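One file, my_file_20.txt, carrying compact mmCIF, C-alpha atoms and all ligand atoms:
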```txt
# COMPACT_ATOMS: atom_id res chain seq x y z
CA MET Y 1307 93.24 -53.96 87.69
CA ASN Y 1308 94.55 -52.14 84.68
CA ALA Y 1309 95.72 -53.32 81.29
CA TYR Y 1310 99.30 -52.49 82.24
CA VAL Y 1311 99.45 -55.31 84.76
CA ALA Y 1312 97.00 -57.72 83.19
CA ASP Y 1313 98.28 -58.31 79.68
CA PHE Y 1314 101.73 -59.75 80.17
CA SER Y 1315 101.90 -61.24 76.66
CA ALA Y 1316 101.86 -57.73 75.27
CA PHE Y 1317 104.99 -56.65 77.12
CA SER Y 1318 107.95 -55.85 74.98
CA ALA Y 1319 111.16 -57.80 75.23
CA PRO Y 1320 114.43 -56.10 74.38
CA GLN Y 1321 115.06 -56.23 70.65
CA THR Y 1322 118.79 -56.22 71.09
CA SER Y 1323 119.75 -59.85 70.60
CA ARG Y 1324 121.32 -59.33 67.15
CA VAL Y 1325 123.12 -56.31 68.53
CA GLU Y 1326 124.34 -58.25 71.54
CA GLU Y 1327 125.64 -61.10 69.40
CA PHE Y 1328 127.44 -58.60 67.25
CA ILE Y 1329 129.02 -56.93 70.27
CA PHE Y 1330 130.19 -60.17 71.87
CA SER Y 1331 131.70 -61.38 68.60
CA SER Y 1332 133.48 -58.13 67.66
CA SER Y 1333 136.23 -56.05 69.18
CA PHE Y 1334 136.08 -52.31 69.70
CA ASP Y 1335 138.79 -49.80 70.44
CA ARG Y 1336 136.41 -47.41 72.20
CA PRO Y 1337 132.85 -47.40 73.59
CA THR Y 1338 130.54 -48.06 70.66
CA LEU Y 1339 126.79 -47.82 70.19
CA VAL Y 1340 125.58 -50.61 67.90
CA ILE Y 1341 122.18 -50.05 66.30
CA ASP Y 1342 120.09 -52.66 64.50
CA ARG Y 1343 118.19 -50.90 61.73
CA ASP Y 1344 115.81 -53.84 61.32
CA ALA Y 1345 114.84 -53.42 64.97
CA VAL Y 1346 114.07 -49.74 64.31
CA ALA Y 1347 111.86 -50.78 61.38
CA HIS Y 1348 110.15 -53.37 63.59
CA GLN Y 1349 109.47 -50.74 66.23
CA PHE Y 1350 108.12 -48.25 63.68
CA ARG Y 1351 105.64 -50.87 62.44
CA ALA Y 1352 104.65 -51.78 66.00
CA LEU Y 1353 104.00 -48.15 66.92
CA ARG Y 1354 102.12 -47.53 63.67
CA ALA Y 1355 99.93 -50.55 64.34
CA GLY Y 1356 98.85 -48.98 67.63
CA LEU Y 1357 98.71 -45.36 66.49
CA GLY Y 1358 96.43 -46.15 63.57
CA ARG Y 1359 95.44 -43.00 61.70
CA ALA Y 1360 97.90 -40.72 63.57
CA SER Y 1361 100.94 -39.64 61.59
CA ILE Y 1362 104.32 -40.49 63.10
CA HIS Y 1363 106.95 -37.75 63.22
CA TYR Y 1364 110.10 -39.42 64.55
CA ALA Y 1365 111.84 -37.07 67.03
CA VAL Y 1366 115.22 -36.93 65.32
CA LYS Y 1367 117.08 -35.78 68.43
CA ALA Y 1368 116.68 -39.22 70.03
CA ASN Y 1369 119.16 -40.62 67.52
CA PRO Y 1370 120.11 -38.86 64.29
CA ALA Y 1371 122.11 -41.73 62.74
CA ARG Y 1372 121.80 -41.32 58.97
CA GLU Y 1373 120.81 -44.98 58.50
CA ILE Y 1374 117.92 -44.62 60.97
CA ILE Y 1375 116.54 -41.62 59.10
CA GLU Y 1376 116.94 -43.42 55.78
CA THR Y 1377 115.15 -46.52 57.11
CA LEU Y 1378 112.28 -44.44 58.48
CA VAL Y 1379 111.92 -42.40 55.28
CA GLY Y 1380 111.56 -45.73 53.46
CA LEU Y 1381 108.77 -46.78 55.83
CA GLY Y 1382 106.84 -43.54 55.36
CA SER Y 1383 107.69 -41.87 58.65
CA HIS Y 1384 107.54 -38.11 59.03
CA PHE Y 1385 110.02 -36.19 61.21
CA ASP Y 1386 110.12 -33.74 64.11
CA ALA Y 1387 113.30 -31.69 63.78
CA ALA Y 1388 114.77 -29.37 66.41
CA SER Y 1389 117.30 -27.45 64.32
CA ARG Y 1390 118.49 -26.61 60.85
CA GLY Y 1391 121.01 -29.45 61.08
CA GLU Y 1392 118.28 -32.02 61.76
CA ILE Y 1393 116.12 -30.67 58.93
CA GLU Y 1394 119.07 -30.89 56.53
CA LEU Y 1395 119.70 -34.46 57.66
CA CYS Y 1396 116.07 -35.51 56.99
CA LEU Y 1397 115.95 -33.85 53.59
CA SER Y 1398 119.31 -35.38 52.63
CA GLN Y 1399 117.86 -38.84 53.31
CA GLY Y 1400 114.87 -38.21 51.06
CA ALA Y 1401 112.21 -36.88 53.44
CA ALA Y 1402 109.78 -34.48 51.76
CA PRO Y 1403 109.76 -31.00 53.37
CA GLU Y 1404 106.01 -31.22 53.98
CA HIS Y 1405 106.75 -34.27 56.15
CA VAL Y 1406 109.19 -32.43 58.41
CA SER Y 1407 108.01 -30.19 61.26
CA PHE Y 1408 110.23 -27.67 63.04
CA GLY Y 1409 109.20 -28.58 66.57
CA ASN Y 1410 111.64 -26.64 68.72
CA THR Y 1411 109.93 -23.66 70.39
CA ILE Y 1412 113.26 -21.81 70.53
CA LYS Y 1413 114.45 -21.14 66.99
CA ARG Y 1414 116.97 -18.74 65.47
CA ALA Y 1415 115.28 -16.31 63.08
CA SER Y 1416 117.81 -17.23 60.38
CA ASP Y 1417 116.95 -20.92 60.80
CA ILE Y 1418 113.22 -20.17 60.45
CA ALA Y 1419 113.92 -18.26 57.22
CA TRP Y 1420 116.09 -21.07 55.91
CA ALA Y 1421 113.49 -23.74 56.81
CA HIS Y 1422 110.80 -21.73 55.05
CA SER Y 1423 112.99 -21.41 51.96
CA VAL Y 1424 113.32 -25.20 51.67
CA GLY Y 1425 109.58 -25.80 52.06
CA ILE Y 1426 109.06 -26.50 55.77
CA ASP Y 1427 105.55 -25.29 56.63
CA LEU Y 1428 104.79 -26.48 60.17
CA PHE Y 1429 106.35 -24.76 63.20
CA ALA Y 1430 105.97 -24.94 67.00
CA ALA Y 1431 105.73 -21.84 69.20
CA ASP Y 1432 104.98 -21.04 72.84
CA ALA Y 1433 105.53 -17.25 73.01
CA GLU Y 1434 104.54 -14.01 71.22
CA GLU Y 1435 108.08 -13.23 70.16
CA GLU Y 1436 108.49 -16.65 68.57
CA LEU Y 1437 105.24 -16.11 66.61
CA GLU Y 1438 106.56 -12.73 65.44
CA LYS Y 1439 109.79 -14.35 64.20
CA ILE Y 1440 107.83 -17.03 62.36
CA ALA Y 1441 105.43 -14.47 60.83
CA GLU Y 1442 108.36 -12.40 59.59
CA HIS Y 1443 110.51 -15.22 58.23
CA ALA Y 1444 107.91 -17.85 57.24
CA PRO Y 1445 104.85 -15.73 56.43
CA GLY Y 1446 101.55 -17.59 56.47
CA ALA Y 1447 103.08 -20.77 57.91
CA ARG Y 1448 101.07 -23.28 59.92
CA VAL Y 1449 101.87 -23.18 63.64
CA TYR Y 1450 100.86 -25.17 66.65
CA ILE Y 1451 101.08 -23.83 70.20
CA ARG Y 1452 102.93 -25.91 72.75
CA LEU Y 1453 101.17 -26.24 76.10
CA ILE Y 1454 102.65 -26.87 79.53
CA VAL Y 1455 101.06 -29.92 81.10
CA ASP Y 1456 101.60 -31.55 84.49
CA ALA Y 1457 103.70 -34.62 83.80
CA CYS Y 1458 103.86 -36.56 87.00
CA GLU Y 1459 104.81 -40.08 85.92
CA ALA Y 1460 107.65 -39.64 83.45
CA ASP Y 1461 111.13 -40.93 84.31
CA TRP Y 1462 112.65 -38.05 82.33
CA PRO Y 1463 110.21 -35.09 82.50
CA LEU Y 1464 110.48 -32.49 79.75
CA THR Y 1465 107.80 -30.04 80.50
CA ARG Y 1466 109.12 -27.10 82.53
CA LYS Y 1467 111.27 -25.50 79.87
CA PHE Y 1468 108.75 -25.66 77.04
CA GLY Y 1469 105.19 -24.59 76.51
CA CYS Y 1470 102.84 -21.87 77.67
CA ALA Y 1471 100.40 -22.05 80.56
CA PRO Y 1472 96.80 -22.86 79.58
CA ASP Y 1473 95.62 -19.31 80.34
CA LYS Y 1474 97.90 -17.92 77.61
CA ALA Y 1475 96.92 -20.37 74.90
CA VAL Y 1476 93.91 -18.58 73.45
CA ASP Y 1477 95.83 -15.28 73.30
CA LEU Y 1478 98.66 -16.91 71.38
CA VAL Y 1479 96.25 -18.43 68.86
CA ALA Y 1480 94.67 -14.98 68.44
CA ARG Y 1481 98.10 -13.37 68.07
CA ALA Y 1482 99.15 -15.93 65.43
CA THR Y 1483 95.99 -15.21 63.48
CA ALA Y 1484 96.56 -11.45 63.68
CA LEU Y 1485 100.11 -11.96 62.38
CA GLY Y 1486 98.80 -13.75 59.30
CA LEU Y 1487 99.92 -17.19 60.43
CA THR Y 1488 97.71 -20.27 60.32
CA PRO Y 1489 97.33 -21.61 63.87
CA VAL Y 1490 96.22 -25.22 63.45
CA GLY Y 1491 96.23 -26.61 66.97
CA PHE Y 1492 98.19 -27.54 70.06
CA SER Y 1493 101.07 -29.75 71.12
CA PHE Y 1494 102.27 -31.07 74.46
CA HIS Y 1495 104.68 -33.67 75.81
CA VAL Y 1496 103.66 -36.04 78.62
CA GLY Y 1497 107.32 -36.44 79.61
CA SER Y 1498 109.80 -38.93 78.29
CA GLN Y 1499 109.54 -42.57 79.39
CA THR Y 1500 105.94 -42.36 80.62
CA LYS Y 1501 105.60 -46.03 81.48
CA ARG Y 1502 101.80 -46.37 81.67
CA ALA Y 1503 99.45 -45.29 78.89
CA ALA Y 1504 96.80 -44.58 81.55
CA ALA Y 1505 98.97 -41.69 82.79
CA TRP Y 1506 98.02 -39.80 79.61
CA ALA Y 1507 94.37 -39.44 80.63
CA PRO Y 1508 94.62 -36.49 83.07
CA ILE Y 1509 97.03 -34.71 80.71
CA LEU Y 1510 94.67 -35.12 77.77
CA ASP Y 1511 91.91 -33.70 79.97
CA GLN Y 1512 94.01 -30.55 80.54
CA VAL Y 1513 94.66 -30.17 76.82
CA LYS Y 1514 90.99 -30.75 75.97
CA SER Y 1515 89.85 -27.91 78.19
CA VAL Y 1516 92.27 -25.52 76.43
CA TRP Y 1517 91.11 -26.88 73.06
CA ASP Y 1518 87.46 -26.25 73.96
CA ALA Y 1519 88.14 -22.75 75.29
CA THR Y 1520 89.96 -21.86 72.06
CA ARG Y 1521 87.12 -23.11 69.90
CA GLU Y 1522 84.59 -21.27 72.02
CA ALA Y 1523 86.63 -18.11 71.38
CA GLY Y 1524 85.91 -18.65 67.69
CA PHE Y 1525 89.08 -20.31 66.37
CA GLU Y 1526 89.12 -23.36 64.11
CA LEU Y 1527 91.48 -26.12 65.25
CA SER Y 1528 92.41 -29.16 63.20
CA LEU Y 1529 95.65 -30.62 64.60
CA LEU Y 1530 96.61 -32.21 67.90
CA ASN Y 1531 100.30 -33.04 68.31
CA ILE Y 1532 100.57 -35.55 71.15
CA GLY Y 1533 104.39 -35.46 71.25
CA GLY Y 1534 106.54 -38.33 72.53
CA GLY Y 1535 106.76 -40.16 75.84
CA PHE Y 1536 106.34 -43.69 74.46
CA PRO Y 1537 108.44 -45.86 76.79
CA ALA Y 1538 111.28 -48.27 76.15
CA PHE Y 1539 112.13 -51.39 78.10
CA TYR Y 1540 115.04 -50.75 80.45
CA THR Y 1541 114.75 -52.59 83.76
CA ASP Y 1542 111.06 -52.26 84.68
CA ALA Y 1543 108.39 -53.95 82.57
CA VAL Y 1544 106.52 -51.63 80.24
CA GLN Y 1545 103.57 -52.15 77.94
CA GLY Y 1546 104.59 -53.16 74.43
CA PRO Y 1547 104.51 -50.45 71.75
CA THR Y 1548 101.35 -51.54 69.96
CA PRO Y 1549 99.00 -51.90 72.97
CA TYR Y 1550 100.49 -48.79 74.57
CA ALA Y 1551 99.99 -46.66 71.46
CA ALA Y 1552 96.50 -48.10 70.90
CA GLU Y 1553 95.50 -47.22 74.45
CA VAL Y 1554 96.83 -43.68 74.02
CA MET Y 1555 94.83 -43.30 70.80
CA GLN Y 1556 91.69 -44.54 72.56
CA LEU Y 1557 92.19 -41.93 75.25
CA VAL Y 1558 92.77 -39.25 72.59
CA GLU Y 1559 89.74 -40.15 70.51
CA ALA Y 1560 87.48 -40.41 73.55
CA ARG Y 1561 88.16 -36.69 74.04
CA PHE Y 1562 88.90 -35.26 70.62
CA GLY Y 1563 86.83 -37.53 68.36
CA THR Y 1564 87.98 -39.13 65.14
CA GLU Y 1565 88.08 -36.09 62.83
CA VAL Y 1566 90.98 -34.15 64.35
CA GLU Y 1567 94.34 -34.74 62.68
CA ILE Y 1568 96.71 -36.40 65.18
CA MET Y 1569 100.47 -36.42 65.02
CA ALA Y 1570 102.77 -38.32 67.39
CA GLU Y 1571 106.48 -37.75 67.89
CA PRO Y 1572 108.06 -40.88 69.38
CA GLY Y 1573 111.81 -40.66 69.93
CA ARG Y 1574 112.92 -42.98 72.71
CA GLY Y 1575 110.14 -45.48 71.99
CA MET Y 1576 111.30 -45.78 68.38
CA VAL Y 1577 115.03 -46.37 68.83
CA ALA Y 1578 116.08 -47.11 72.44
CA GLU Y 1579 115.62 -50.88 72.29
CA ALA Y 1580 117.26 -51.13 68.87
CA GLY Y 1581 120.70 -50.27 70.21
CA ALA Y 1582 123.23 -51.41 72.82
CA ILE Y 1583 126.58 -50.02 73.85
CA ALA Y 1584 129.74 -52.08 73.82
CA ALA Y 1585 131.76 -50.97 76.84
CA GLU Y 1586 134.66 -52.31 78.87
CA VAL Y 1587 135.52 -52.58 82.54
CA VAL Y 1588 138.57 -50.39 83.27
CA LEU Y 1589 138.89 -51.04 87.03
CA VAL Y 1590 137.20 -52.94 89.84
CA SER Y 1591 138.18 -51.79 93.33
CA LYS Y 1592 137.17 -51.53 96.97
CA LYS Y 1593 137.63 -48.30 98.89
CA SER Y 1594 138.44 -50.17 102.11
CA GLU Y 1595 138.79 -53.78 103.16
CA ASN Y 1596 135.34 -53.89 104.79
CA ASP Y 1597 133.55 -51.98 102.02
CA MET Y 1598 130.22 -53.63 101.16
CA HIS Y 1599 130.31 -52.57 97.54
CA ARG Y 1600 132.83 -52.92 94.79
CA TRP Y 1601 133.33 -49.89 92.60
CA VAL Y 1602 133.20 -50.77 88.91
CA TYR Y 1603 134.63 -48.17 86.54
CA LEU Y 1604 133.64 -48.44 82.89
CA ASP Y 1605 135.23 -46.79 79.86
CA ILE Y 1606 131.94 -44.88 79.34
CA GLY Y 1607 130.19 -42.54 81.75
CA ARG Y 1608 127.92 -39.58 82.33
CA PHE Y 1609 129.82 -37.38 79.87
CA SER Y 1610 130.44 -39.90 77.12
CA GLY Y 1611 126.90 -41.07 76.37
CA LEU Y 1612 125.17 -42.07 79.60
CA ALA Y 1613 123.82 -38.60 80.47
CA GLU Y 1614 120.41 -40.03 81.32
CA THR Y 1615 121.83 -41.75 84.42
CA GLU Y 1616 121.62 -38.24 85.95
CA GLY Y 1617 119.66 -38.65 89.18
CA GLU Y 1618 119.72 -42.41 88.38
CA ALA Y 1619 116.64 -41.64 86.26
CA ILE Y 1620 117.17 -44.17 83.50
CA ARG Y 1621 118.33 -47.58 84.72
CA TYR Y 1622 120.16 -49.48 82.06
CA GLN Y 1623 120.68 -53.23 82.13
CA PHE Y 1624 124.17 -54.67 81.87
CA ALA Y 1625 125.20 -58.00 80.36
CA THR Y 1626 128.59 -59.70 80.56
CA LEU Y 1627 130.01 -63.09 79.61
CA ARG Y 1628 130.00 -64.05 83.31
CA GLU Y 1629 126.23 -64.44 83.68
CA HIS Y 1630 126.77 -67.95 85.14
CA GLU Y 1631 128.69 -66.49 88.13
CA GLY Y 1632 127.22 -65.28 91.41
CA LYS Y 1633 126.49 -61.57 91.63
CA GLY Y 1634 127.03 -58.83 94.16
CA PRO Y 1635 126.23 -55.11 94.46
CA CYS Y 1636 128.44 -52.54 92.73
CA VAL Y 1637 128.65 -48.78 92.51
CA MET Y 1638 129.13 -47.94 88.84
CA ALA Y 1639 131.14 -45.01 87.58
CA GLY Y 1640 132.60 -43.60 84.41
CA PRO Y 1641 136.27 -43.02 83.63
CA SER Y 1642 136.49 -39.20 83.67
CA CYS Y 1643 138.18 -37.03 86.30
CA ASP Y 1644 134.87 -35.55 87.46
CA SER Y 1645 133.30 -36.77 90.68
CA ALA Y 1646 129.81 -36.29 89.19
CA ASP Y 1647 130.67 -39.09 86.79
CA VAL Y 1648 129.02 -41.78 88.95
CA LEU Y 1649 126.26 -43.72 87.21
CA TYR Y 1650 124.55 -45.70 89.97
CA GLU Y 1651 125.27 -45.40 93.67
CA LYS Y 1652 121.96 -44.90 95.54
CA ARG Y 1653 120.64 -48.09 93.98
CA PRO Y 1654 123.71 -50.25 93.34
CA VAL Y 1655 123.84 -52.63 90.37
CA GLU Y 1656 124.20 -56.40 90.75
CA LEU Y 1657 127.19 -57.60 88.74
CA PRO Y 1658 129.17 -60.86 88.56
CA LEU Y 1659 131.64 -61.40 91.42
CA GLY Y 1660 134.48 -62.26 89.06
CA LEU Y 1661 134.19 -59.10 87.00
CA ARG Y 1662 137.55 -57.51 86.27
CA ALA Y 1663 139.42 -55.00 84.15
CA GLY Y 1664 139.23 -55.78 80.46
CA ASP Y 1665 135.84 -57.56 80.61
CA LYS Y 1666 133.36 -56.55 77.93
CA VAL Y 1667 130.05 -55.11 79.16
CA VAL Y 1668 126.94 -54.70 77.03
CA ILE Y 1669 124.66 -51.86 78.09
CA ARG Y 1670 121.17 -52.62 76.80
CA SER Y 1671 118.48 -50.34 75.34
CA CYS Y 1672 120.90 -47.52 74.57
CA GLY Y 1673 119.60 -46.50 71.14
CA ALA Y 1674 118.09 -43.20 72.35
CA TYR Y 1675 119.76 -40.13 73.84
CA THR Y 1676 123.29 -41.56 74.09
CA SER Y 1677 125.38 -40.75 71.01
CA THR Y 1678 124.13 -37.17 70.89
CA TYR Y 1679 124.77 -36.62 74.60
CA SER Y 1680 128.38 -37.72 74.26
CA SER Y 1681 130.93 -34.95 74.78
CA VAL Y 1682 133.69 -34.46 72.25
CA GLY Y 1683 137.04 -34.97 73.88
CA PHE Y 1684 136.26 -34.27 77.57
CA ASN Y 1685 139.38 -35.46 79.43
CA GLY Y 1686 140.71 -36.64 76.07
CA PHE Y 1687 138.17 -39.45 75.76
CA PRO Y 1688 136.82 -39.96 72.24
CA PRO Y 1689 133.07 -39.47 71.64
CA LEU Y 1690 130.83 -42.53 71.52
CA ASP Y 1691 131.31 -44.34 68.21
CA VAL Y 1692 128.17 -45.50 66.33
CA VAL Y 1693 127.89 -48.60 64.16
CA VAL Y 1694 124.65 -49.48 62.35
CA ILE Y 1695 124.10 -53.13 61.41
C1 LIG V 1701 112.22 -34.90 72.68
C2 LIG V 1701 110.93 -34.67 72.03
C3 LIG V 1701 110.15 -35.74 71.59
C4 LIG V 1701 110.53 -37.19 71.81
O1 LIG V 1701 110.27 -37.59 73.10
P1 LIG V 1701 110.43 -39.10 73.56
O2 LIG V 1701 110.02 -39.10 74.97
O3 LIG V 1701 111.85 -39.48 73.34
O4 LIG V 1701 109.52 -39.91 72.71
C5 LIG V 1701 108.98 -35.46 70.93
N1 LIG V 1701 108.58 -34.19 70.72
C6 LIG V 1701 109.31 -33.13 71.13
C7 LIG V 1701 108.82 -31.76 70.85
C8 LIG V 1701 110.49 -33.33 71.80
O5 LIG V 1701 111.20 -32.29 72.21
```
Take the structure I supplied and represent it as structure tokens, if you would.
Amino acid sequence: MNAYVADFSAFSAPQTSRVEEFIFSSSFDRPTLVIDRDAVAHQFRALRAGLGRASIHYAVKANPAREIIETLVGLGSHFDAASRGEIELCLSQGAAPEHVSFGNTIKRASDIAWAHSVGIDLFAADAEEELEKIAEHAPGARVYIRLIVDACEADWPLTRKFGCAPDKAVDLVARATALGLTPVGFSFHVGSQTKRAAAWAPILDQVKSVWDATREAGFELSLLNIGGGFPAFYTDAVQGPTPYAAEVMQLVEARFGTEVEIMAEPGRGMVAEAGAIAAEVVLVSKKSENDMHRWVYLDIGRFSGLAETEGEAIRYQFATLREHEGKGPCVMAGPSCDSADVLYEKRPVELPLGLRAGDKVVIRSCGAYTSTYSSVGFNGFPPLDVVVI
């Protein structure tokens, strides 16, 4: 029996009720993401309560709405930025440069130089050439080395593209030192939407063995960046943010003690539940008279914000004003002229039998990885609009 199943009271409920009320009482001329900034603040406090002494660097890429950054600056959050544009955004909303890390392992040299010039002093790297660029354009900067870890439980794994294998880690720390940089520690990412905190344990074991080998080779380490992965509520129950984060911290401290500086980079877990998308049914049809499923086409799809339905990985919940009606299975698709623009087909979605063109549909828990994944003008459709309440 694990804590994940046992403690039902600690499960998070969607924080979207204000957002949903707003959507059902407003009209929209295109698909619109509505974000509740109070819900973001609530989530920040809930994560902080569990993360304790760890510093929180919000992963800006999850949702870079200016009001979210401003709210988080006000609450004392730090930021993980992936590009010059994200750094500029954070600084423009009042974040101090020493509270912004440049966490992308693939950076343009000119962006490193620019970041250094505005006071950014903490950079990620996973390769010799990246360390050389940082040493040249941000001499003496603090760096952490990103490690590849086996992420087996995430709904949206992130690990293959980033990080170095454990057997390269010590060499990279040595190389950083030789280049005059200040290697402070390691980072990793368990994979986005890792639903159980217990899944972190074997990954932390992998990181600990690299940490120990590096210290045995004579290098001082002071920082462990545990990345993101904190889950949001979509369709399956997940642990609430505070007990989840507290369990992760227990697992971290059991291995790394209480002296090492810890930073966490929640993205999805900070903002997903704070937003919902207002969408509309464009067409309901059957492909043949004896078809089991209706096809429901929305005015939003894979290319206009719902990229994470790729492989049916993230399963959003839908709400309509017909909840009192009986439901039946539907294949859901977007409006574009691309046959890959099907959202859910392998596991159909249960929707009201009376659903028809023009009906409003709320898509829940859409605050993360939607607005920034929305194409600009594909097929002439406008990008996802964003409203912050
Ligand atoms: C995307 C990303 C995050 C955020 O991940 P979530 O799973 O959304 O919490 C954190 N750190 C880095 C380096 C990332 O690339």
(message) Show me which residues line ligand LIG 1701 (chain V), defined as having an atom within 9 Å of a ligand atom where all atoms listed in the file count, and present them as an MDAnalysis selection string.
(response) chainID Y and resid 1363:1368 1386:1388 1408:1411 1430 1452 1460 1462:1464 1468 1493:1500 1531:1537 1570:1578 1674:1675
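The coordinates place atom CA of Y:Gln1623 at 13.9 Å from atom CA of Y:Ala1580.
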Scan for residues within 10 Å of the point (91.1, -24.1, 79.1) in the coordinates of the file, using only C-alpha atoms, and reply as a compact mmCIF listing (two decimals) with C-alpha atoms, in the frame of the given file.
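Output (result-v9.txt):
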```
# COMPACT_ATOMS: atom_id res chain seq x y z
CA ALA Y 1471 100.40 -22.05 80.56
CA PRO Y 1472 96.80 -22.86 79.58
CA ASP Y 1473 95.62 -19.31 80.34
CA LYS Y 1474 97.90 -17.92 77.61
CA ALA Y 1475 96.92 -20.37 74.90
CA VAL Y 1476 93.91 -18.58 73.45
CA ASP Y 1511 91.91 -33.70 79.97
CA GLN Y 1512 94.01 -30.55 80.54
CA VAL Y 1513 94.66 -30.17 76.82
CA LYS Y 1514 90.99 -30.75 75.97
CA SER Y 1515 89.85 -27.91 78.19
CA VAL Y 1516 92.27 -25.52 76.43
CA TRP Y 1517 91.11 -26.88 73.06
CA ASP Y 1518 87.46 -26.25 73.96
CA ALA Y 1519 88.14 -22.75 75.29
CA THR Y 1520 89.96 -21.86 72.06
```
Spatial neighbours of stretch 1396-1404 of chain Y, max dist 6 Å, all atoms listed in the file, sep filter under 6 positions, as a PDB file with C-alpha atoms, in the coordinates of the input:
```pdb
ATOM      1  CA  GLU Y1376     116.940 -43.420  55.780  1.00  0.00           C
ATOM      2  CA  VAL Y1379     111.920 -42.400  55.280  1.00  0.00           C
ATOM      3  CA  GLY Y1425     109.580 -25.800  52.060  1.00  0.00           C
ATOM      4  CA  ILE Y1426     109.060 -26.500  55.770  1.00  0.00           C
TER       5      ILE Y1426
END
```
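Atom pair atom CA of Y:Glu1436 / atom CA of Y:Arg1414: separated by 9.3 Å.
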(message) Nearest residue to Y:Val1667 out of Y:Ala1507, Y:Leu1690, Y:Leu1627, Y:Met1638, using only C-alpha atoms?
(response) Y:Leu1627
(message) Ranking Y:Glu1438, Y:Glu1565, Y:Asp1477, Y:Glu1553 by minimum distance to Y:Ser1528 and counting all atoms listed in the file, which one comes first?
(response)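 For Y:Ser1528, the nearest of the given residues is Y:Glu1565.
If all atoms listed in the file are the atoms counted, then among Y:His1405, Y:His1443, Y:Lys1467, Y:Arg1372 the closest residue to Y:His1422 is Y:His1443.
When atom CA of Y:Cys1643 is paired with atom CA of Y:Lys1592, their separation reads 18.0 Å.
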Report as a tab-separated table (two decimals) with C-alpha atoms, keeping the file's coordinate frame all protein, DNA and RNA residues lying within 8 Å of Y:Lys1666, evaluated on all atoms listed in the file, omitting residues in the same chain fewer than 4 positions from it.
```
chain	number	residue	atom	x	y	z
Y	1330	PHE	CA	130.19	-60.17	71.87
Y	1584	ALA	CA	129.74	-52.08	73.82
Y	1585	ALA	CA	131.76	-50.97	76.84
Y	1586	GLU	CA	134.66	-52.31	78.87
Y	1587	VAL	CA	135.52	-52.58	82.54
Y	1626	THR	CA	128.59	-59.70	80.56
Y	1627	LEU	CA	130.01	-63.09	79.61
```
(request) Go through Y:Leu1378, Y:Cys1636, Y:Leu1339, Y:Ala1415 and flag the residue nearest Y:Pro1658, using all atoms listed in the file for the distances. (result) Y:Cys1636
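Of the listed residues Y:His1348, Y:Asp1597, Y:Gly1611, Y:Ile1451, the one whose atoms come nearest to Y:Gly1491 is Y:Ile1451, with distances taken using all atoms listed in the file.
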(request) Counting all atoms listed in the file, figure out which residue out of Y:Ala1441, Y:Ala1355, Y:Ile1620, Y:Val1588 gets nearest to Y:Ile1606. (result)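 Closest residue, counting all atoms listed in the file: Y:Val1588.
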